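Pasting input_32.txt here (compact mmCIF, C-alpha atoms and all ligand atoms):
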# COMPACT_ATOMS: atom_id res chain seq x y z
CA MET A 1 -15.16 5.38 11.59
CA MET A 2 -12.64 8.08 10.67
CA LYS A 3 -10.87 9.87 13.54
CA ASP A 4 -8.70 12.96 13.79
CA VAL A 5 -6.16 11.91 16.38
CA THR A 6 -3.06 13.41 17.94
CA CYS A 7 -0.74 10.41 17.83
CA ARG A 8 2.47 10.09 19.84
CA VAL A 9 5.60 8.74 18.20
CA ILE A 10 6.76 5.54 19.89
CA GLY A 11 9.86 5.27 17.74
CA GLN A 12 11.14 4.84 14.23
CA THR A 13 13.77 2.68 12.64
CA PRO A 14 15.75 3.33 9.47
CA LEU A 15 15.48 0.28 7.20
CA THR A 16 17.33 0.09 3.89
CA ALA A 17 18.32 3.24 1.99
CA GLY A 18 15.66 5.91 2.54
CA TYR A 19 12.98 3.62 3.99
CA TRP A 20 11.75 3.96 7.56
CA ALA A 21 9.36 2.11 9.85
CA LEU A 22 7.43 4.48 12.10
CA ASP A 23 5.36 3.39 15.12
CA MET A 24 2.88 5.74 16.75
CA GLU A 25 0.43 5.45 19.61
CA ALA A 26 -2.95 6.03 17.92
CA PRO A 27 -5.77 5.02 20.27
CA GLY A 28 -9.16 4.75 18.58
CA LEU A 29 -7.63 4.84 15.12
CA ALA A 30 -5.33 1.79 15.19
CA GLU A 31 -8.03 -0.57 16.50
CA ALA A 32 -10.42 0.44 13.70
CA ALA A 33 -7.93 0.09 10.83
CA GLN A 34 -8.44 -2.45 8.05
CA PRO A 35 -5.79 -3.64 5.54
CA GLY A 36 -5.64 -1.34 2.51
CA GLN A 37 -6.86 1.71 4.37
CA PHE A 38 -4.59 4.70 4.78
CA VAL A 39 -3.94 7.63 7.10
CA HIS A 40 -3.45 11.30 6.24
CA VAL A 41 -0.54 12.72 8.22
CA ARG A 42 0.11 16.37 9.08
CA VAL A 43 3.89 16.35 9.08
CA PRO A 44 5.25 18.30 12.08
CA GLY A 45 7.79 20.95 11.16
CA LEU A 46 6.20 21.87 7.81
CA GLU A 47 4.35 25.19 7.58
CA PRO A 48 0.77 24.95 8.98
CA ILE A 49 -0.84 25.25 5.51
CA ALA A 50 1.24 22.38 4.11
CA LEU A 51 -0.76 19.48 2.71
CA ARG A 52 -1.11 16.29 4.67
CA ARG A 53 0.69 13.21 3.30
CA PRO A 54 -1.13 9.88 2.75
CA PHE A 55 0.41 6.59 3.95
CA SER A 56 -0.94 3.05 3.89
CA ILE A 57 -1.32 1.32 7.21
CA PHE A 58 1.58 -1.17 7.51
CA GLY A 59 0.08 -2.80 10.59
CA THR A 60 -1.44 -2.31 14.00
CA GLU A 61 -0.79 -3.85 17.40
CA GLY A 62 -3.40 -2.84 19.95
CA THR A 63 -3.34 0.96 19.88
CA THR A 64 -0.05 1.11 17.94
CA LEU A 65 -0.22 2.30 14.33
CA LYS A 66 2.65 1.20 12.08
CA LEU A 67 3.71 2.96 8.89
CA LEU A 68 6.48 2.14 6.44
CA TYR A 69 7.63 5.05 4.32
CA LYS A 70 10.16 5.98 1.69
CA THR A 71 11.95 9.32 1.92
CA VAL A 72 11.17 11.05 -1.36
CA GLY A 73 10.73 14.77 -0.64
CA ARG A 74 10.12 17.54 1.84
CA GLY A 75 7.45 15.88 3.96
CA THR A 76 9.04 12.47 4.29
CA SER A 77 12.51 14.05 4.94
CA GLN A 78 10.93 15.99 7.78
CA MET A 79 9.37 12.77 9.10
CA ASN A 80 12.89 11.30 9.45
CA ARG A 81 13.38 13.74 12.38
CA LEU A 82 10.49 12.44 14.45
CA VAL A 83 11.56 11.15 17.87
CA PRO A 84 9.68 9.30 20.63
CA GLY A 85 7.02 11.43 22.28
CA ASP A 86 6.53 13.81 19.32
CA PRO A 87 2.86 14.58 18.62
CA VAL A 88 1.60 13.97 15.07
CA GLN A 89 -1.88 14.88 13.78
CA VAL A 90 -3.32 11.96 11.85
CA ILE A 91 -6.72 11.48 10.16
CA GLY A 92 -7.82 7.91 9.56
CA PRO A 93 -8.44 5.18 8.89
CA LEU A 94 -9.45 6.40 5.42
CA GLY A 95 -10.73 4.75 2.25
CA ASN A 96 -11.87 1.24 1.45
CA GLY A 97 -9.44 -1.59 1.98
CA PHE A 98 -8.96 -5.09 0.58
CA PRO A 99 -11.68 -7.77 0.90
CA LEU A 100 -10.74 -10.21 3.65
CA GLU A 101 -12.59 -13.27 2.33
CA PRO A 102 -10.85 -14.29 -0.89
CA ARG A 103 -12.62 -16.70 -3.24
CA GLY A 104 -9.31 -18.12 -4.46
CA GLU A 105 -5.68 -18.75 -3.50
CA PRO A 106 -4.30 -15.40 -2.36
CA LEU A 107 -1.32 -14.16 -4.34
CA LEU A 108 0.15 -10.85 -3.17
CA VAL A 109 2.29 -8.70 -5.49
CA ALA A 110 4.19 -5.73 -4.05
CA GLY A 111 6.45 -3.12 -5.56
CA GLY A 112 8.66 -1.03 -3.24
CA TYR A 113 6.68 0.53 -0.38
CA GLY A 114 3.63 -1.31 -1.75
CA VAL A 115 4.56 -4.02 0.77
CA ALA A 116 3.03 -1.81 3.50
CA PRO A 117 -0.71 -2.53 3.02
CA LEU A 118 0.01 -6.09 1.84
CA ALA A 119 1.92 -6.99 5.04
CA PHE A 120 -1.10 -5.81 7.05
CA LEU A 121 -3.36 -7.85 4.75
CA ALA A 122 -1.13 -10.95 5.05
CA GLY A 123 -1.77 -11.00 8.79
CA ARG A 124 -5.56 -10.75 8.39
CA LEU A 125 -6.33 -13.12 5.50
CA PRO A 126 -7.71 -16.49 6.63
CA THR A 127 -5.42 -18.47 4.26
CA LYS A 128 -1.72 -17.98 3.57
CA GLY A 129 -0.16 -18.13 0.14
CA VAL A 130 2.66 -16.62 -1.86
CA VAL A 131 3.85 -13.03 -1.79
CA LEU A 132 5.95 -11.68 -4.65
CA ILE A 133 8.08 -8.62 -3.91
CA GLY A 134 9.73 -6.59 -6.63
CA GLY A 135 12.06 -3.62 -6.59
CA ARG A 136 14.83 -1.92 -8.52
CA SER A 137 17.47 -3.34 -6.16
CA ALA A 138 17.82 -5.19 -2.84
CA ASP A 139 17.30 -1.88 -0.98
CA ASP A 140 13.72 -1.71 -2.30
CA VAL A 141 12.79 -5.15 -0.98
CA LEU A 142 11.21 -4.73 2.44
CA ALA A 143 9.28 -6.67 5.06
CA VAL A 144 10.43 -10.13 3.88
CA THR A 145 10.77 -11.46 7.43
CA ALA A 146 7.40 -9.93 8.42
CA PHE A 147 5.68 -12.00 5.71
CA GLU A 148 7.69 -15.12 6.56
CA ARG A 149 6.82 -14.85 10.25
CA LEU A 150 3.16 -14.79 9.24
CA GLY A 151 3.62 -18.07 7.34
CA TRP A 152 3.74 -16.71 3.79
CA THR A 153 6.12 -17.95 1.09
CA VAL A 154 8.15 -15.00 -0.22
CA ARG A 155 9.65 -14.72 -3.70
CA VAL A 156 11.78 -11.74 -4.65
CA ALA A 157 12.75 -10.22 -8.00
CA THR A 158 15.00 -7.21 -8.48
CA GLU A 159 15.69 -5.40 -11.73
CA ASP A 160 19.45 -5.28 -11.07
CA GLY A 161 19.63 -8.85 -9.75
CA SER A 162 21.01 -7.78 -6.33
CA LEU A 163 18.41 -9.94 -4.53
CA GLY A 164 16.26 -12.85 -5.68
CA GLU A 165 15.86 -13.43 -9.37
CA THR A 166 16.82 -10.81 -11.92
CA GLY A 167 14.02 -8.99 -13.70
CA LEU A 168 10.52 -7.72 -13.14
CA VAL A 169 8.28 -9.25 -10.49
CA THR A 170 5.82 -10.18 -13.26
CA VAL A 171 8.18 -13.05 -14.20
CA PRO A 172 7.64 -15.02 -10.93
CA LEU A 173 4.01 -13.83 -11.02
CA ASP A 174 3.45 -15.54 -14.37
CA ARG A 175 5.12 -18.67 -13.02
CA GLU A 176 2.86 -18.71 -9.93
CA LEU A 177 -0.23 -18.17 -12.07
CA ALA A 178 0.79 -21.08 -14.32
CA ARG A 179 1.43 -23.29 -11.26
CA LEU A 180 -2.01 -22.52 -9.80
CA HIS A 181 -3.65 -23.05 -13.19
CA GLU A 182 -2.01 -26.48 -13.53
CA ALA A 183 -3.15 -27.38 -10.02
CA GLY A 184 -6.72 -26.40 -10.97
CA ALA A 185 -6.75 -23.61 -8.36
CA THR A 186 -8.21 -20.14 -8.85
CA PRO A 187 -5.89 -17.33 -7.78
CA GLU A 188 -6.99 -14.07 -6.22
CA LEU A 189 -4.52 -11.24 -6.74
CA PHE A 190 -3.81 -8.38 -4.34
CA SER A 191 -1.33 -5.71 -5.38
CA CYS A 192 0.15 -2.38 -4.37
CA GLY A 193 2.98 -0.58 -6.12
CA PRO A 194 3.65 1.73 -9.06
CA ASP A 195 0.99 2.10 -11.77
CA GLY A 196 2.96 -0.01 -14.27
CA LEU A 197 2.92 -2.96 -11.88
CA LEU A 198 -0.76 -2.51 -10.98
CA ARG A 199 -1.70 -2.42 -14.62
CA ALA A 200 0.31 -5.57 -15.37
CA VAL A 201 -1.25 -7.39 -12.39
CA GLY A 202 -4.74 -6.22 -13.39
CA GLU A 203 -4.30 -7.44 -16.97
CA ARG A 204 -3.24 -10.85 -15.69
CA ALA A 205 -6.23 -11.06 -13.32
CA ILE A 206 -8.61 -10.30 -16.21
CA GLN A 207 -6.85 -12.79 -18.49
CA ALA A 208 -6.94 -15.50 -15.80
CA GLY A 209 -10.62 -14.78 -15.09
CA CYS A 210 -9.89 -14.19 -11.42
CA ARG A 211 -10.33 -11.20 -9.12
CA GLY A 212 -7.46 -8.71 -8.82
CA TRP A 213 -7.45 -6.08 -6.10
CA LEU A 214 -5.26 -3.07 -6.84
CA SER A 215 -4.38 -0.30 -4.39
CA LEU A 216 -3.87 2.92 -6.36
CA ASP A 217 -1.34 5.58 -5.42
CA LYS A 218 -2.56 9.06 -6.44
CA HIS A 219 -1.51 12.51 -5.31
CA MET A 220 -3.97 13.59 -2.64
CA VAL A 221 -4.97 16.87 -1.04
CA CYS A 222 -7.96 16.52 1.30
CA GLY A 223 -7.94 12.71 1.55
CA VAL A 224 -11.69 12.61 2.26
CA GLY A 225 -13.42 13.09 -1.09
CA ALA A 226 -13.89 16.85 -1.03
CA CYS A 227 -11.33 18.30 -3.47
CA LEU A 228 -11.19 16.07 -6.61
CA ALA A 229 -7.36 15.97 -6.55
CA CYS A 230 -7.31 12.18 -6.81
CA VAL A 231 -9.86 11.44 -9.55
CA GLN A 232 -9.74 8.16 -11.47
CA ARG A 233 -11.85 6.94 -14.41
CA LEU A 234 -13.73 3.83 -13.38
CA ARG A 235 -16.03 1.33 -15.08
CA ARG A 236 -19.24 -0.14 -13.72
CA GLU A 237 -20.27 -3.75 -14.35
CA ASP A 238 -22.65 -2.58 -17.13
CA GLY A 239 -19.69 -0.96 -18.93
CA THR A 240 -20.63 2.68 -18.24
CA GLU A 241 -17.86 4.89 -16.92
CA TRP A 242 -17.74 7.27 -14.00
CA ILE A 243 -15.18 9.45 -12.26
CA GLY A 244 -14.27 8.21 -8.80
CA ARG A 245 -12.08 9.58 -6.05
CA VAL A 246 -9.24 7.31 -5.02
CA CYS A 247 -9.26 8.59 -1.43
CA ARG A 248 -12.97 7.94 -0.86
CA ASP A 249 -13.99 5.24 -3.37
CA GLY A 250 -10.63 3.42 -3.12
CA PRO A 251 -7.70 3.26 -2.81
CA VAL A 252 -8.45 -0.42 -3.50
CA PHE A 253 -10.33 -1.24 -6.71
CA GLU A 254 -11.01 -4.48 -8.56
CA ALA A 255 -8.97 -4.72 -11.79
CA ARG A 256 -12.06 -4.59 -14.05
CA GLU A 257 -13.19 -1.29 -12.53
CA ILE A 258 -10.13 0.71 -13.55
CA VAL A 259 -9.95 2.55 -16.88
CA TRP A 260 -6.20 3.15 -17.36
C1 LIG A 301 -3.23 5.83 -0.63
C2 LIG A 301 -1.75 6.11 -0.58
C3 LIG A 301 -0.93 5.32 0.21
C4 LIG A 301 0.44 5.57 0.28
N1 LIG A 301 1.19 4.77 1.08
C5 LIG A 301 2.51 5.00 1.20
C6 LIG A 301 3.30 4.18 2.05
O1 LIG A 301 2.81 3.25 2.71
N2 LIG A 301 4.63 4.46 2.14
C7 LIG A 301 5.20 5.46 1.41
O2 LIG A 301 6.41 5.66 1.51
N3 LIG A 301 4.47 6.26 0.59
C8 LIG A 301 3.14 6.05 0.48
N4 LIG A 301 2.39 6.85 -0.35
C9 LIG A 301 3.08 7.94 -1.11
C10 LIG A 301 3.33 9.11 -0.17
O3 LIG A 301 2.10 9.71 0.16
C11 LIG A 301 4.24 10.14 -0.85
O4 LIG A 301 5.49 9.54 -1.14
C12 LIG A 301 4.46 11.32 0.07
O5 LIG A 301 3.28 12.05 0.20
C13 LIG A 301 5.56 12.22 -0.46
O6 LIG A 301 5.66 13.33 0.40
P1 LIG A 301 6.94 14.27 0.36
O7 LIG A 301 6.55 15.57 0.94
O8 LIG A 301 8.13 13.59 0.96
O9 LIG A 301 7.23 14.40 -1.16
P2 LIG A 301 6.94 15.69 -2.10
O10 LIG A 301 7.99 16.72 -1.82
O11 LIG A 301 5.49 16.08 -2.02
O12 LIG A 301 7.22 15.00 -3.48
C14 LIG A 301 8.49 14.37 -3.77
C15 LIG A 301 8.33 13.42 -4.91
O13 LIG A 301 7.40 12.37 -4.59
C16 LIG A 301 6.34 12.34 -5.54
N5 LIG A 301 5.08 12.00 -4.85
C17 LIG A 301 4.37 12.76 -4.00
N6 LIG A 301 3.23 12.14 -3.64
C18 LIG A 301 3.24 10.95 -4.29
C19 LIG A 301 2.33 9.85 -4.36
N7 LIG A 301 1.16 9.83 -3.74
N8 LIG A 301 2.70 8.79 -5.11
C20 LIG A 301 3.85 8.77 -5.79
N9 LIG A 301 4.73 9.79 -5.78
C21 LIG A 301 4.42 10.85 -5.05
C22 LIG A 301 6.30 13.74 -6.13
O14 LIG A 301 5.75 13.74 -7.44
C23 LIG A 301 7.76 14.09 -6.16
O15 LIG A 301 8.41 13.55 -7.28
C24 LIG A 301 1.02 6.63 -0.47
C25 LIG A 301 0.22 7.42 -1.28
C26 LIG A 301 -1.15 7.16 -1.34
C27 LIG A 301 -2.02 8.00 -2.21
S1 LIG A 302 -7.78 13.91 -2.15
FE1 LIG A 302 -9.44 15.31 -2.16
S2 LIG A 302 -10.98 14.18 -3.22
FE2 LIG A 302 -9.38 12.74 -2.95
Starting from the file, lay out its structure as structure tokens.
Ligand SMILES: Cc1cc2nc3c(=O)[nH]c(=O)nc-3n(C[C@H](O)[C@H](O)[C@H](O)COP(=O)(O)OP(=O)(O)OC[C@H]3O[C@@H](n4cnc5c(N)ncnc54)[C@H](O)[C@@H]3O)c2cc1C
Ligand code: FES
Amino acid sequence: MMKDVTCRVIGQTPLTAGYWALDMEAPGLAEAAQPGQFVHVRVPGLEPIALRRPFSIFGTEGTTLKLLYKTVGRGTSQMNRLVPGDPVQVIGPLGNGFPLEPRGEPLLVAGGYGVAPLAFLAGRLPTKGVVLIGGRSADDVLAVTAFERLGWTVRVATEDGSLGETGLVTVPLDRELARLHEAGATPELFSCGPDGLLRAVGERAIQAGCRGWLSLDKHMVCGVGACLACVQRLRREDGTEWIGRVCRDGPVFEAREIVW
């Protein structure tokens, strides 16, 4: 059930370059949140007509709502100034999240701040598996200890080789898929990150004949299905296409549904 809540900032911590972890007291909202859902934040300090900004839910602890964000522009720069006690208007939880009963071995694939919904998911899935985290450099690799504490095996790939193996995260992904195939296990993929990564993960899920759950990142305005800012071409099981709204029908879709 979606709520419009005035949250209170508990605190925030700068992580690596430009990334922050923000904790807010969000009674009613935090308890209802499911992995893969997001919140729409009215950033304090921006003009009243400014658009809200969408963020995946990184985790919850009782009534505490946790976000992990990258500073990329006006809104997120303004969020850097939030201090304990500041009120923040938040709508959520929004959208449809990841399924929590996988049919196969869960394999999580994150790019950059895409770790946020996957870390929440890692704590709620009944079985643990492998999480693959990719980024341009070591600074883009976040939440490794959070996954490890939850009992997940973490593998890292960076494009510049500053952490983990050098190259795209699809390299260890292909290795993991081959390992599971040899072991006769069916994988189930869960991914969040840039479109290029989601597309690559989706193609592999289709090729492997397994399910692949992709959390799409689209520019949003209303966040609740009313404005058509976040439309995405989708495919039904019978092959017919339709136009969905990422905020309301997603942000998580199965790989076969998405028409890229
Ligand atoms: C469902 C969903 C979940 C998200 N979860 C997270 C999260 O957990 N952590 C996080 O850091 N960010 C997340 N984002 C992206 C986040 O909403 C944007 O980075 C943020 O709105 C940028 O606000 P800004 O005012 O700082 O940037 P702006 O000044 O509005 O824009 C600065 C730059 O960021 C780009 N940008 C703006 N919105 C997006 C977007 N949605 N996706 C990609 N680029 C964008 C702009 O094109 C521009 O280049 C999510 C987006 C969606 C749709
Ligand atoms: S953001 Fe308005 S319909 Fe999705």
Check which residues of chain A sit at most 8 Å from ligand LIG 301 (chain A) using only C-alpha atoms and all ligand atoms, and return one row each with the closest pair of atoms and their distance in Å to one decimal, ordered by chain and rising number, as JSON lines.
{"residue": "A:Tyr19", "atom": "CA", "partner": "A:LIG301", "partner_atom": "O2", "distance": 7.3}
{"residue": "A:Gln37", "atom": "CA", "partner": "A:LIG301", "partner_atom": "C1", "distance": 7.4}
{"residue": "A:Phe38", "atom": "CA", "partner": "A:LIG301", "partner_atom": "C1", "distance": 5.7}
{"residue": "A:Val39", "atom": "CA", "partner": "A:LIG301", "partner_atom": "C3", "distance": 7.9}
{"residue": "A:Arg52", "atom": "CA", "partner": "A:LIG301", "partner_atom": "O5", "distance": 7.6}
{"residue": "A:Arg53", "atom": "CA", "partner": "A:LIG301", "partner_atom": "O5", "distance": 4.2}
{"residue": "A:Pro54", "atom": "CA", "partner": "A:LIG301", "partner_atom": "O3", "distance": 4.1}
{"residue": "A:Phe55", "atom": "CA", "partner": "A:LIG301", "partner_atom": "N1", "distance": 3.5}
{"residue": "A:Ser56", "atom": "CA", "partner": "A:LIG301", "partner_atom": "N1", "distance": 3.9}
{"residue": "A:Ile57", "atom": "CA", "partner": "A:LIG301", "partner_atom": "O1", "distance": 6.4}
{"residue": "A:Phe58", "atom": "CA", "partner": "A:LIG301", "partner_atom": "O1", "distance": 6.6}
{"residue": "A:Leu67", "atom": "CA", "partner": "A:LIG301", "partner_atom": "O1", "distance": 6.3}
{"residue": "A:Leu68", "atom": "CA", "partner": "A:LIG301", "partner_atom": "N2", "distance": 5.2}
{"residue": "A:Tyr69", "atom": "CA", "partner": "A:LIG301", "partner_atom": "O2", "distance": 3.1}
{"residue": "A:Lys70", "atom": "CA", "partner": "A:LIG301", "partner_atom": "O2", "distance": 3.8}
{"residue": "A:Thr71", "atom": "CA", "partner": "A:LIG301", "partner_atom": "O8", "distance": 5.8}
{"residue": "A:Val72", "atom": "CA", "partner": "A:LIG301", "partner_atom": "O8", "distance": 4.6}
{"residue": "A:Gly73", "atom": "CA", "partner": "A:LIG301", "partner_atom": "O8", "distance": 3.3}
{"residue": "A:Arg74", "atom": "CA", "partner": "A:LIG301", "partner_atom": "O7", "distance": 4.2}
{"residue": "A:Gly75", "atom": "CA", "partner": "A:LIG301", "partner_atom": "O7", "distance": 3.2}
{"residue": "A:Thr76", "atom": "CA", "partner": "A:LIG301", "partner_atom": "O8", "distance": 3.6}
{"residue": "A:Ser77", "atom": "CA", "partner": "A:LIG301", "partner_atom": "O8", "distance": 5.9}
{"residue": "A:Gln78", "atom": "CA", "partner": "A:LIG301", "partner_atom": "O8", "distance": 7.8}
{"residue": "A:Tyr113", "atom": "CA", "partner": "A:LIG301", "partner_atom": "N2", "distance": 5.1}
{"residue": "A:Gly114", "atom": "CA", "partner": "A:LIG301", "partner_atom": "O1", "distance": 6.4}
{"residue": "A:Val115", "atom": "CA", "partner": "A:LIG301", "partner_atom": "O1", "distance": 7.7}
{"residue": "A:Ala116", "atom": "CA", "partner": "A:LIG301", "partner_atom": "O1", "distance": 5.1}
{"residue": "A:Pro117", "atom": "CA", "partner": "A:LIG301", "partner_atom": "O1", "distance": 6.8}
{"residue": "A:Pro194", "atom": "CA", "partner": "A:LIG301", "partner_atom": "C20", "distance": 7.8}
{"residue": "A:Ser215", "atom": "CA", "partner": "A:LIG301", "partner_atom": "C1", "distance": 7.3}
{"residue": "A:Leu216", "atom": "CA", "partner": "A:LIG301", "partner_atom": "C1", "distance": 6.5}
{"residue": "A:Asp217", "atom": "CA", "partner": "A:LIG301", "partner_atom": "C27", "distance": 4.1}
{"residue": "A:Lys218", "atom": "CA", "partner": "A:LIG301", "partner_atom": "C27", "distance": 4.4}
{"residue": "A:His219", "atom": "CA", "partner": "A:LIG301", "partner_atom": "N7", "distance": 4.1}
{"residue": "A:Met220", "atom": "CA", "partner": "A:LIG301", "partner_atom": "C27", "distance": 5.9}
{"residue": "A:Val246", "atom": "CA", "partner": "A:LIG301", "partner_atom": "C1", "distance": 7.6}
{"residue": "A:Cys247", "atom": "CA", "partner": "A:LIG301", "partner_atom": "C1", "distance": 6.7}
{"residue": "A:Pro251", "atom": "CA", "partner": "A:LIG301", "partner_atom": "C1", "distance": 5.6}
task: Considering all atoms listed in the file, state which residue in the set A:Ile133, A:Val141, A:Ala119, A:Ala255 is at the smallest distance from Thr170 in chain A.
output: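 Result for the nearest residue to Thr170 in chain A: A:Ile133.
Taking CA of Leu118 in chain A and CA of Lys66 in chain A as the two end points, the separation is 12.8 Å.
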Notebook entry, point to check: Residues at most 9 Å from Thr127 in chain A, counting only C-alpha atoms, excluding those fewer than 2 positions away in the same chain, as a PyMOL selection string?
Noted result: chain A and resi 102+105-106+122+124-125+129
* Asked: What does the distance between CA of Leu234 in chain A and CA of Leu168 in chain A come to in Å, to one decimal place?
  ->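 Distance reported for this atom pair: 26.9 Å.
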**Q.** Counting all atoms listed in the file, the residue of A:Leu189, A:Ala50, A:Leu65, A:Ala229 that sits nearest ligand LIG 302 (chain A)
**A.**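 Under the stated criterion, the closest residue is A:Ala229.
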Please report, as JSON, the centre and edge lengths in Å to one decimal of an axis-aligned box covering all listed atoms of ligand LIG 302 (chain A) with 3 Å per side.
{"center_x": -9.4, "center_y": 14.0, "center_z": -2.7, "size_x": 9.2, "size_y": 8.6, "size_z": 7.1}
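The gap separating CA of Val90 in chain A from CA of Val5 in chain A is 5.3 Å, in Å to one decimal.
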Query - ligand LIG 302 (chain A) neighbours within 7 Å using all atoms listed in the file, as number ranges by chain - result: A: 220-231, 245-248
* **Distance criterion (all atoms listed in the file): nearest to Gly85 in chain A out of A:Ala30, A:Leu177, A:Met24, A:Met2** =>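 Comparing A:Ala30, A:Leu177, A:Met24, A:Met2 against Gly85 in chain A, the winner is A:Met24.
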At a cut-off of 9 Å, can you tabulate as a Markdown table every residue of range 86-148 of chain A near range 158-164 of chain A together with its closest atom pair and the distance in Å to one decimal, using only C-alpha atoms and ordering rows by chain then number?
| residue | atom | partner | partner_atom | distance |
| --- | --- | --- | --- | --- |
| A:Ile133 | CA | A:Thr158 | CA | 8.4 |
| A:Gly134 | CA | A:Thr158 | CA | 5.6 |
| A:Gly135 | CA | A:Thr158 | CA | 5.0 |
| A:Arg136 | CA | A:Glu159 | CA | 4.8 |
| A:Ser137 | CA | A:Thr158 | CA | 5.1 |
| A:Ala138 | CA | A:Leu163 | CA | 5.1 |
| A:Asp139 | CA | A:Ser162 | CA | 8.8 |
| A:Asp140 | CA | A:Thr158 | CA | 8.4 |
| A:Val141 | CA | A:Thr158 | CA | 8.1 |
Here is a test: counting only C-alpha atoms, which residue of A:Pro87, A:Pro93, A:Gly59, A:Pro99 is nearest to Asp4 in chain A?
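Using only C-alpha atoms, Asp4 in chain A sits closest to A:Pro93.
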Surrounding residues of range 206-213 of chain A excluding itself and chain neighbours under 4 positions, 6 Å, all atoms listed in the file, as JSON, numbers by chain: {"A": [188, 189, 190, 202, 253, 254, 255]}
*asked:* I want to know what sits within 10 Å of Thr64 in chain A, based on only C-alpha atoms, with residues of the same chain fewer than 3 positions away left out; could you give that as a PyMOL selection string?
replied: chain A and resi 7-10+23-31+59-61+67
Incomplete range 42-55 of chain A filled out to N, CA and C atoms as a PDB file, in the coordinates of the input:
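File written: result-v8.pdb
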ATOM      1  N   ARG A  42      -0.391  14.984   9.087  1.00  0.00           N
ATOM      2  CA  ARG A  42       0.110  16.370   9.080  1.00  0.00           C
ATOM      3  C   ARG A  42       1.539  16.301   9.594  1.00  0.00           C
ATOM      4  N   VAL A  43       2.482  16.547   8.704  1.00  0.00           N
ATOM      5  CA  VAL A  43       3.890  16.350   9.080  1.00  0.00           C
ATOM      6  C   VAL A  43       4.366  17.503   9.953  1.00  0.00           C
ATOM      7  N   PRO A  44       4.781  17.225  11.198  1.00  0.00           N
ATOM      8  CA  PRO A  44       5.250  18.300  12.080  1.00  0.00           C
ATOM      9  C   PRO A  44       6.495  18.955  11.484  1.00  0.00           C
ATOM     10  N   GLY A  45       6.594  20.259  11.641  1.00  0.00           N
ATOM     11  CA  GLY A  45       7.790  20.950  11.160  1.00  0.00           C
ATOM     12  C   GLY A  45       7.579  21.597   9.810  1.00  0.00           C
ATOM     13  N   LEU A  46       6.527  21.178   9.061  1.00  0.00           N
ATOM     14  CA  LEU A  46       6.200  21.870   7.810  1.00  0.00           C
ATOM     15  C   LEU A  46       5.285  23.036   8.168  1.00  0.00           C
ATOM     16  N   GLU A  47       5.191  24.021   7.295  1.00  0.00           N
ATOM     17  CA  GLU A  47       4.350  25.190   7.580  1.00  0.00           C
ATOM     18  C   GLU A  47       2.896  24.706   7.783  1.00  0.00           C
ATOM     19  N   PRO A  48       2.112  25.427   8.627  1.00  0.00           N
ATOM     20  CA  PRO A  48       0.770  24.950   8.980  1.00  0.00           C
ATOM     21  C   PRO A  48      -0.145  24.711   7.780  1.00  0.00           C
ATOM     22  N   ILE A  49       0.062  25.447   6.658  1.00  0.00           N
ATOM     23  CA  ILE A  49      -0.840  25.250   5.510  1.00  0.00           C
ATOM     24  C   ILE A  49      -0.380  24.105   4.607  1.00  0.00           C
ATOM     25  N   ALA A  50       0.733  23.476   4.961  1.00  0.00           N
ATOM     26  CA  ALA A  50       1.240  22.380   4.110  1.00  0.00           C
ATOM     27  C   ALA A  50       0.224  21.257   4.045  1.00  0.00           C
ATOM     28  N   LEU A  51       0.176  20.594   2.895  1.00  0.00           N
ATOM     29  CA  LEU A  51      -0.760  19.480   2.710  1.00  0.00           C
ATOM     30  C   LEU A  51      -0.371  18.314   3.603  1.00  0.00           C
ATOM     31  N   ARG A  52      -1.395  17.541   3.980  1.00  0.00           N
ATOM     32  CA  ARG A  52      -1.110  16.290   4.670  1.00  0.00           C
ATOM     33  C   ARG A  52      -0.540  15.293   3.662  1.00  0.00           C
ATOM     34  N   ARG A  53       0.131  14.257   4.162  1.00  0.00           N
ATOM     35  CA  ARG A  53       0.690  13.210   3.300  1.00  0.00           C
ATOM     36  C   ARG A  53      -0.004  11.885   3.593  1.00  0.00           C
ATOM     37  N   PRO A  54      -0.456  11.172   2.531  1.00  0.00           N
ATOM     38  CA  PRO A  54      -1.130   9.880   2.750  1.00  0.00           C
ATOM     39  C   PRO A  54      -0.148   8.704   2.863  1.00  0.00           C
ATOM     40  N   PHE A  55      -0.401   7.811   3.801  1.00  0.00           N
ATOM     41  CA  PHE A  55       0.410   6.590   3.950  1.00  0.00           C
ATOM     42  C   PHE A  55      -0.490   5.407   4.249  1.00  0.00           C
TER      43      PHE A  55
END
